[in-house]
file upload-v5.txt (compact mmCIF, C-alpha atoms)
# COMPACT_ATOMS: atom_id res chain seq x y z
CA MET A 1 -85.81 117.46 -39.53
CA LYS A 2 -88.68 117.16 -42.01
CA THR A 3 -90.45 120.36 -43.05
CA VAL A 4 -94.25 120.64 -43.08
CA SER A 5 -96.89 122.76 -44.77
CA LEU A 6 -99.83 122.76 -42.38
CA VAL A 7 -103.40 123.28 -43.62
CA LEU A 8 -105.84 124.12 -40.82
CA GLY A 9 -109.53 123.83 -41.65
CA SER A 10 -112.64 125.63 -40.43
CA GLY A 11 -115.15 124.26 -37.95
CA GLY A 12 -115.58 126.54 -34.96
CA ALA A 13 -114.46 125.27 -31.55
CA ARG A 14 -113.46 121.91 -33.08
CA GLY A 15 -110.50 123.85 -34.42
CA LEU A 16 -108.97 123.88 -30.95
CA ALA A 17 -107.84 120.40 -32.00
CA HIS A 18 -105.37 122.20 -34.29
CA ILE A 19 -103.34 123.04 -31.18
CA GLY A 20 -102.97 119.36 -30.34
CA VAL A 21 -101.85 118.57 -33.90
CA ILE A 22 -99.21 121.32 -33.73
CA HIS A 23 -97.92 119.99 -30.41
CA TRP A 24 -97.58 116.48 -31.83
CA LEU A 25 -95.67 117.70 -34.87
CA GLU A 26 -93.28 119.76 -32.78
CA GLU A 27 -92.68 116.99 -30.24
CA HIS A 28 -91.83 114.49 -32.97
CA GLY A 29 -89.25 116.50 -34.87
CA PHE A 30 -91.29 118.13 -37.66
CA SER A 31 -90.64 121.76 -38.57
CA ILE A 32 -93.74 123.74 -39.59
CA ARG A 33 -92.59 126.16 -42.29
CA SER A 34 -95.93 127.23 -43.76
CA ILE A 35 -99.54 127.54 -42.57
CA ALA A 36 -102.74 128.12 -44.54
CA GLY A 37 -105.85 128.48 -42.41
CA THR A 38 -109.54 129.21 -42.71
CA SER A 39 -111.70 130.58 -39.89
CA ILE A 40 -110.58 128.95 -36.60
CA GLY A 41 -107.70 127.50 -38.61
CA ALA A 42 -106.57 131.03 -39.45
CA LEU A 43 -106.83 132.02 -35.78
CA ILE A 44 -104.83 129.11 -34.40
CA GLY A 45 -102.38 129.13 -37.31
CA GLY A 46 -101.89 132.88 -37.04
CA VAL A 47 -101.02 132.95 -33.36
CA TYR A 48 -98.68 129.98 -33.86
CA ALA A 49 -96.94 131.73 -36.77
CA ALA A 50 -96.54 134.75 -34.48
CA GLY A 51 -94.85 132.57 -31.85
CA LYS A 52 -97.66 133.09 -29.33
CA LEU A 53 -99.45 129.75 -29.27
CA ALA A 54 -98.45 128.96 -25.67
CA GLN A 55 -100.02 132.17 -24.31
CA THR A 56 -103.14 131.70 -26.43
CA GLU A 57 -103.53 128.07 -25.38
CA GLN A 58 -103.22 128.98 -21.72
CA TRP A 59 -105.96 131.59 -22.15
CA LEU A 60 -108.22 129.22 -24.10
CA ARG A 61 -107.84 126.50 -21.49
CA SER A 62 -109.05 128.94 -18.83
CA VAL A 63 -112.15 130.09 -20.74
CA THR A 64 -115.50 129.15 -19.14
CA LYS A 65 -119.08 129.52 -20.33
CA LEU A 66 -119.33 132.69 -18.28
CA ASP A 67 -116.25 134.10 -20.02
CA MET A 68 -117.80 133.34 -23.41
CA VAL A 69 -120.91 135.33 -22.51
CA ALA A 70 -118.69 138.24 -21.44
CA LEU A 71 -117.06 138.19 -24.90
CA VAL A 72 -120.40 138.63 -26.67
CA ASP A 73 -120.70 142.09 -28.23
CA LEU A 74 -124.05 142.42 -30.00
CA SER A 75 -123.84 144.47 -33.18
CA TRP A 76 -127.55 145.29 -33.64
CA GLN A 77 -126.92 145.18 -37.38
CA ARG A 78 -128.76 143.12 -39.96
CA SER A 79 -125.48 141.82 -41.39
CA GLY A 80 -124.44 139.98 -38.23
CA MET A 81 -125.36 139.57 -34.58
CA LEU A 82 -121.86 139.98 -33.16
CA ARG A 83 -119.12 142.47 -33.95
CA GLY A 84 -116.39 140.14 -32.71
CA ASP A 85 -114.36 143.08 -31.40
CA LYS A 86 -114.19 141.83 -27.81
CA LEU A 87 -112.81 138.45 -28.83
CA ILE A 88 -110.28 139.89 -31.27
CA ASN A 89 -109.19 142.61 -28.85
CA ALA A 90 -108.71 140.06 -26.07
CA LEU A 91 -106.42 138.06 -28.36
CA LYS A 92 -104.64 141.20 -29.56
CA ASP A 93 -103.87 142.17 -25.97
CA LEU A 94 -102.54 138.68 -25.35
CA VAL A 95 -100.57 138.15 -28.57
CA GLY A 96 -99.91 141.59 -29.99
CA ASP A 97 -100.65 142.42 -33.62
CA GLN A 98 -97.98 142.42 -36.31
CA PRO A 99 -97.73 142.40 -40.11
CA ILE A 100 -98.18 138.97 -41.67
CA GLU A 101 -95.20 139.52 -43.95
CA ASP A 102 -92.94 139.87 -40.87
CA LEU A 103 -93.94 136.52 -39.34
CA PRO A 104 -91.19 133.87 -39.13
CA ILE A 105 -93.55 131.30 -40.69
CA THR A 106 -95.29 131.80 -44.04
CA PHE A 107 -98.96 132.40 -43.29
CA THR A 108 -102.13 132.66 -45.38
CA ALA A 109 -105.57 133.44 -44.00
CA VAL A 110 -108.44 132.56 -46.35
CA ALA A 111 -111.63 134.63 -46.45
CA THR A 112 -114.55 134.95 -48.87
CA ASP A 113 -115.48 138.01 -50.93
CA VAL A 114 -119.29 137.80 -50.86
CA ARG A 115 -119.77 140.34 -53.64
CA ALA A 116 -117.32 138.84 -56.14
CA HIS A 117 -118.11 135.23 -55.09
CA LYS A 118 -114.45 134.29 -54.73
CA GLU A 119 -111.98 133.28 -52.05
CA VAL A 120 -109.36 135.77 -50.93
CA TRP A 121 -105.88 134.88 -49.68
CA ILE A 122 -104.62 137.40 -47.13
CA GLN A 123 -100.82 137.19 -46.95
CA GLN A 124 -99.87 140.67 -45.81
CA GLY A 125 -101.07 143.40 -43.51
CA SER A 126 -102.47 143.13 -39.99
CA LEU A 127 -102.46 139.57 -38.63
CA PHE A 128 -105.60 140.10 -36.60
CA GLY A 129 -107.30 141.97 -39.42
CA ALA A 130 -106.81 138.85 -41.52
CA ILE A 131 -108.00 136.56 -38.71
CA ARG A 132 -111.10 138.68 -38.08
CA ALA A 133 -112.02 138.51 -41.78
CA SER A 134 -111.48 134.77 -41.95
CA ILE A 135 -113.66 133.97 -38.88
CA SER A 136 -116.67 136.03 -39.97
CA ILE A 137 -119.31 133.28 -39.91
CA PRO A 138 -122.35 134.62 -41.81
CA LEU A 139 -125.24 135.80 -39.61
CA LEU A 140 -123.12 135.37 -36.48
CA PHE A 141 -120.31 137.91 -37.12
CA THR A 142 -120.56 141.09 -39.15
CA PRO A 143 -118.52 141.13 -42.41
CA ILE A 144 -115.21 143.00 -42.59
CA ARG A 145 -114.43 145.66 -45.19
CA TYR A 146 -110.96 144.97 -46.63
CA LYS A 147 -109.44 146.71 -49.68
CA GLY A 148 -112.89 147.45 -51.09
CA MET A 149 -114.18 143.92 -50.47
CA ASP A 150 -116.78 142.68 -47.99
CA LEU A 151 -115.18 139.60 -46.48
CA VAL A 152 -116.77 136.75 -44.53
CA ASP A 153 -115.69 133.31 -43.33
CA GLY A 154 -113.29 131.58 -45.72
CA GLY A 155 -114.95 128.23 -45.04
CA ILE A 156 -117.82 129.19 -47.32
CA LEU A 157 -115.67 128.45 -50.37
CA ASN A 158 -112.59 126.71 -49.00
CA PRO A 159 -112.88 124.97 -45.61
CA VAL A 160 -109.56 123.12 -46.13
CA PRO A 161 -107.28 125.59 -47.96
CA ILE A 162 -104.61 123.39 -49.53
CA ALA A 163 -103.89 125.49 -52.63
CA PRO A 164 -101.93 128.27 -50.83
CA THR A 165 -99.29 125.67 -49.88
CA PHE A 166 -98.61 124.30 -53.37
CA GLY A 167 -95.41 126.29 -53.94
CA ASP A 168 -93.92 125.80 -50.49
CA GLY A 169 -91.37 123.12 -51.38
CA THR A 170 -91.71 121.43 -47.98
CA ASP A 171 -91.31 117.70 -47.40
CA LEU A 172 -94.87 117.05 -46.30
CA THR A 173 -98.32 118.64 -46.50
CA VAL A 174 -100.58 117.86 -43.55
CA ALA A 175 -104.24 118.94 -43.66
CA VAL A 176 -106.59 118.99 -40.67
CA ASN A 177 -110.22 118.58 -41.72
CA LEU A 178 -112.76 119.43 -39.00
CA ASP A 179 -115.69 117.89 -40.87
CA GLY A 180 -114.85 114.23 -40.39
CA ALA A 181 -117.31 111.39 -39.91
CA PRO A 182 -119.36 111.63 -36.70
CA ARG A 183 -118.10 109.78 -33.66
CA GLY A 184 -121.55 109.32 -32.10
CA PRO A 185 -122.94 110.34 -28.71
CA GLU A 186 -120.69 110.37 -25.66
CA PRO A 187 -121.44 110.70 -21.95
CA PRO A 188 -121.78 114.35 -20.87
CA VAL A 189 -118.67 115.89 -19.35
CA ALA A 190 -119.09 117.60 -15.99
CA PRO A 191 -117.97 121.26 -16.07
CA GLU A 192 -114.60 121.92 -14.47
CA ASP A 193 -115.81 125.13 -12.91
CA GLY A 194 -118.93 124.74 -10.81
CA SER A 195 -119.99 128.29 -11.59
CA ALA A 196 -120.30 127.35 -15.26
CA ASP A 197 -123.30 125.18 -14.37
CA HIS A 198 -125.32 128.31 -13.80
CA ALA A 199 -123.76 130.46 -16.50
CA PRO A 200 -126.03 131.21 -19.46
CA ASP A 201 -124.70 129.32 -22.46
CA LEU A 202 -123.51 131.57 -25.29
CA GLN A 203 -125.57 129.70 -27.86
CA GLU A 204 -128.67 129.99 -25.64
CA ARG A 205 -128.13 133.74 -25.38
CA ILE A 206 -127.90 134.03 -29.14
CA LYS A 207 -131.06 131.95 -29.56
CA HIS A 208 -132.95 134.29 -27.23
CA PHE A 209 -131.59 137.26 -29.15
CA ILE A 210 -132.89 135.83 -32.46
CA ALA A 211 -136.23 134.93 -30.90
CA ARG A 212 -136.92 138.60 -30.23
CA PHE A 213 -137.19 139.14 -33.98
CA GLN A 214 -139.51 136.21 -34.69
CA PRO A 215 -143.22 136.77 -35.40
CA SER A 216 -145.34 136.45 -32.27
CA GLY A 217 -148.40 134.25 -31.86
CA ARG A 218 -146.82 131.33 -33.70
CA SER A 219 -145.77 128.15 -31.98
CA LEU A 220 -143.45 125.56 -33.48
CA PRO A 221 -142.89 121.95 -32.47
CA GLU A 222 -140.01 121.54 -30.03
CA SER A 223 -138.23 119.31 -32.54
CA ASP A 224 -137.98 122.18 -35.04
CA TRP A 225 -134.61 123.96 -35.19
CA GLY A 226 -134.47 127.66 -34.57
CA PRO A 227 -132.90 130.03 -37.12
CA TYR A 228 -129.56 129.93 -35.35
CA GLU A 229 -129.25 126.14 -35.34
CA LEU A 230 -130.53 125.89 -38.90
CA VAL A 231 -128.03 128.40 -40.27
CA LEU A 232 -125.06 126.83 -38.48
CA ARG A 233 -126.04 123.28 -39.44
CA SER A 234 -126.59 124.32 -43.06
CA PHE A 235 -123.23 126.09 -43.07
CA GLU A 236 -121.48 123.02 -41.66
CA THR A 237 -123.22 120.73 -44.17
CA MET A 238 -122.03 122.92 -47.03
CA GLN A 239 -118.50 123.01 -45.61
CA SER A 240 -118.38 119.25 -45.28
CA ALA A 241 -119.38 118.73 -48.92
CA ILE A 242 -116.84 121.30 -50.17
CA ALA A 243 -114.09 119.85 -47.97
CA ARG A 244 -114.57 116.39 -49.45
CA THR A 245 -114.40 117.84 -52.96
CA LYS A 246 -111.23 119.87 -52.22
CA LEU A 247 -109.47 116.93 -50.59
CA ALA A 248 -110.33 114.67 -53.52
CA ALA A 249 -109.17 117.22 -56.11
CA TYR A 250 -105.95 118.23 -54.31
CA PRO A 251 -105.05 115.43 -51.90
CA PRO A 252 -102.43 116.41 -49.31
CA ASP A 253 -99.86 113.90 -48.11
CA VAL A 254 -101.71 113.31 -44.84
CA VAL A 255 -105.26 114.17 -43.76
CA ILE A 256 -106.14 114.31 -40.07
CA GLU A 257 -109.90 114.24 -39.59
CA ILE A 258 -111.76 115.53 -36.54
CA ALA A 259 -115.35 114.31 -36.17
CA HIS A 260 -117.84 117.03 -37.02
CA ASP A 261 -119.84 116.23 -33.88
CA ALA A 262 -116.81 116.45 -31.55
CA CYS A 263 -118.21 119.69 -30.16
CA GLN A 264 -120.46 122.56 -31.16
CA THR A 265 -119.30 125.64 -33.02
CA LEU A 266 -119.09 128.06 -30.09
CA GLU A 267 -117.99 125.71 -27.31
CA LEU A 268 -114.57 127.31 -26.89
CA TYR A 269 -114.67 126.41 -23.19
CA ARG A 270 -113.95 122.78 -24.18
CA ALA A 271 -110.36 123.62 -25.13
CA ALA A 272 -108.62 120.95 -23.03
CA GLU A 273 -110.80 118.19 -24.51
CA MET A 274 -110.36 119.35 -28.11
CA ILE A 275 -106.60 119.87 -27.81
CA ASP A 276 -106.24 116.35 -26.45
CA LEU A 277 -108.39 115.01 -29.31
CA GLY A 278 -106.20 116.75 -31.89
CA TYR A 279 -103.05 115.29 -30.35
CA ARG A 280 -104.51 111.77 -30.34
CA ARG A 281 -105.72 112.02 -33.94
CA ALA A 282 -102.29 113.28 -35.03
CA GLN A 283 -100.72 110.32 -33.29
CA GLU A 284 -103.06 107.93 -35.11
CA CYS A 285 -102.46 109.48 -38.52
CA LEU A 286 -98.78 110.38 -38.36
CA ALA A 287 -97.10 107.85 -36.08
CA SER A 288 -96.11 105.66 -39.05
CA LEU A 289 -93.91 108.52 -40.31
CA VAL A 290 -91.73 108.45 -37.20
CA PRO A 291 -89.27 105.50 -37.09
CA SER A 292 -89.18 105.36 -33.30
CA LEU A 293 -92.95 104.97 -33.08
CA GLY A 294 -93.26 101.73 -34.99
CA HIS A 295 -93.27 100.14 -38.41
CA ARG A 296 -93.55 102.47 -41.39
CA SER A 297 -95.53 101.67 -44.48
CA GLU A 298 -94.04 101.96 -47.97
CA SER A 299 -96.02 105.15 -48.58
CA ALA A 300 -94.67 106.66 -45.35
CA LEU A 301 -91.11 105.76 -46.35
CA ALA A 302 -91.65 107.40 -49.73
CA LEU A 303 -92.86 110.59 -48.04
CA LEU A 304 -89.93 110.76 -45.66
CA ASP A 305 -87.43 110.05 -48.43
CA GLY A 306 -88.92 112.72 -50.66
CA GLN A 307 -89.91 110.23 -53.35
CA GLN A 308 -93.59 111.21 -53.55
CA GLU A 309 -94.43 114.27 -55.57
CA ARG A 310 -96.77 116.85 -54.15
CA PRO A 311 -99.84 117.88 -56.17
CA GLN A 312 -99.49 120.85 -58.43
CA GLU A 313 -102.13 123.50 -58.92

call {"tool": "encode", "arguments": {"input": "upload-v5.txt", "output": "structure tokens"}}
result
Amino acid sequence: MKTVSLVLGSGGARGLAHIGVIHWLEEHGFSIRSIAGTSIGALIGGVYAAGKLAQTEQWLRSVTKLDMVALVDLSWQRSGMLRGDKLINALKDLVGDQPIEDLPITFTAVATDVRAHKEVWIQQGSLFGAIRASISIPLLFTPIRYKGMDLVDGGILNPVPIAPTFGDGTDLTVAVNLDGAPRGPEPPVAPEDGSADHAPDLQERIKHFIARFQPSGRSLPESDWGPYELVLRSFETMQSAIARTKLAAYPPDVVIEIAHDACQTLELYRAAEMIDLGYRRAQECLASLVPSLGHRSESALALLDGQQERPQE
């Protein structure tokens, strides 16, 4: 059984594809020994390391637009619109919190210290404290105070955190980048739950919330983005550029890319679609490493035989 260090990138709801990647690895005989995750990657990686991915996946697959609205807890603070407590508490109730150092799989959650301008690796303490810090998208979620630092989303500085895995000594490093090339427009998918048709979209609710603070008596062309869309798109653009730089500087053995337009940041109700996408992309990128799935390239043989050296920091 080949051992894997799994690097799970940031990208909002696209990160539900991480679940599909994990399923593929498990089903094809790979043993995940280490996980480094940023933002949604820290969330999915953390619950998997805690042995609770099945329960979390079942919950995520059942989430509707209406459920997402129910999880909104407005903070009324200038530092962020949402506290994020309802979401984290829902997951805590489902998974149960535990110290990171007690997890059976080595786990690192990456966050950003906005005062010191540096990334922070959280490798001990409360699992959900680390997850909450790592998912703190600026403007959307309020920052978290941790050991004297104000922490926000780790994707600001490291959307694909490969460095925490350098000393793992596993056979293979697999990175999942959620900022891949766009796949283009697709036909709209009908909601599974008819009630969701009439449920106020979470992103629409946030837009209305922001609009209350905009100057009155000023009209903008419909084509102009609102503050919410502009911030998220700017954040994703920055992440994409940094991800390309990180992957070029410290190339993992395998990169699985998820198109950055696969879904929007807060569309957690599209879990089934994103999980399936992650599984299919893992199949496309990793099948050559499994003898029973077809011909292997020379590079794949080298990886499986342990002949290719992993990058050093």

call {"tool": "residues_around", "arguments": {"input": "upload-v5.txt", "residues": "A:Glu119", "least_positions_apart": "5", "cutoff": "7 Å", "atoms": "all atoms listed in the file", "output": "number ranges by chain"}}
result
A: 110-113, 154, 157

call {"tool": "write_last_selection", "arguments": {"input": "upload-v5.txt", "atoms": "C-alpha atoms", "output": "CSV table (one decimal), in the coordinates of the input"}}
result
chain,number,residue,atom,x,y,z
A,110,VAL,CA,-108.4,132.6,-46.4
A,111,ALA,CA,-111.6,134.6,-46.4
A,112,THR,CA,-114.6,135.0,-48.9
A,113,ASP,CA,-115.5,138.0,-50.9
A,154,GLY,CA,-113.3,131.6,-45.7
A,157,LEU,CA,-115.7,128.4,-50.4

call {"tool": "atom_distance", "arguments": {"input": "upload-v5.txt", "atom1": "atom CA of A:Leu230", "atom2": "atom CA of A:Leu140"}}
result
12.3 Å

call {"tool": "residues_around", "arguments": {"input": "upload-v5.txt", "residues": "A:Met238", "least_positions_apart": "3", "cutoff": "10 Å", "atoms": "only C-alpha atoms", "output": "PyMOL selection string"}}
result
chain A and resi 155-157+159+232-235+241-243

call {"tool": "residues_around", "arguments": {"input": "upload-v5.txt", "residues": "A:Ala42", "least_positions_apart": "5", "cutoff": "8 Å", "atoms": "only C-alpha atoms", "output": "ChimeraX atom specification"}}
result
/A:8,36-37,108-110,131,134-135

call {"tool": "residues_around", "arguments": {"input": "upload-v5.txt", "residues": "A:Ala259", "least_positions_apart": "2", "cutoff": "9 Å", "atoms": "all atoms listed in the file", "output": "CSV table (one decimal) with C-alpha atoms, keeping the file's coordinate frame"}}
result
chain,number,residue,atom,x,y,z
A,14,ARG,CA,-113.5,121.9,-33.1
A,177,ASN,CA,-110.2,118.6,-41.7
A,178,LEU,CA,-112.8,119.4,-39.0
A,179,ASP,CA,-115.7,117.9,-40.9
A,180,GLY,CA,-114.8,114.2,-40.4
A,181,ALA,CA,-117.3,111.4,-39.9
A,182,PRO,CA,-119.4,111.6,-36.7
A,183,ARG,CA,-118.1,109.8,-33.7
A,184,GLY,CA,-121.6,109.3,-32.1
A,257,GLU,CA,-109.9,114.2,-39.6
A,261,ASP,CA,-119.8,116.2,-33.9
A,262,ALA,CA,-116.8,116.4,-31.6
A,263,CYS,CA,-118.2,119.7,-30.2

call {"tool": "atom_distance", "arguments": {"input": "upload-v5.txt", "atom1": "atom CA of A:Pro164", "atom2": "atom CA of A:Trp24"}}
result
22.8 Å

call {"tool": "residues_around", "arguments": {"input": "upload-v5.txt", "residues": "stretch 101-107 of chain A", "least_positions_apart": "4", "cutoff": "12 Å", "atoms": "all atoms listed in the file", "output": "PyMOL selection string"}}
result
chain A and resi 3-8+31-38+41-52+97+121-127+130-131+161+164-165+167-168+170

call {"tool": "atom_distance", "arguments": {"input": "upload-v5.txt", "atom1": "atom CA of A:Thr237", "atom2": "atom CA of A:Gln264"}}
result
13.4 Å
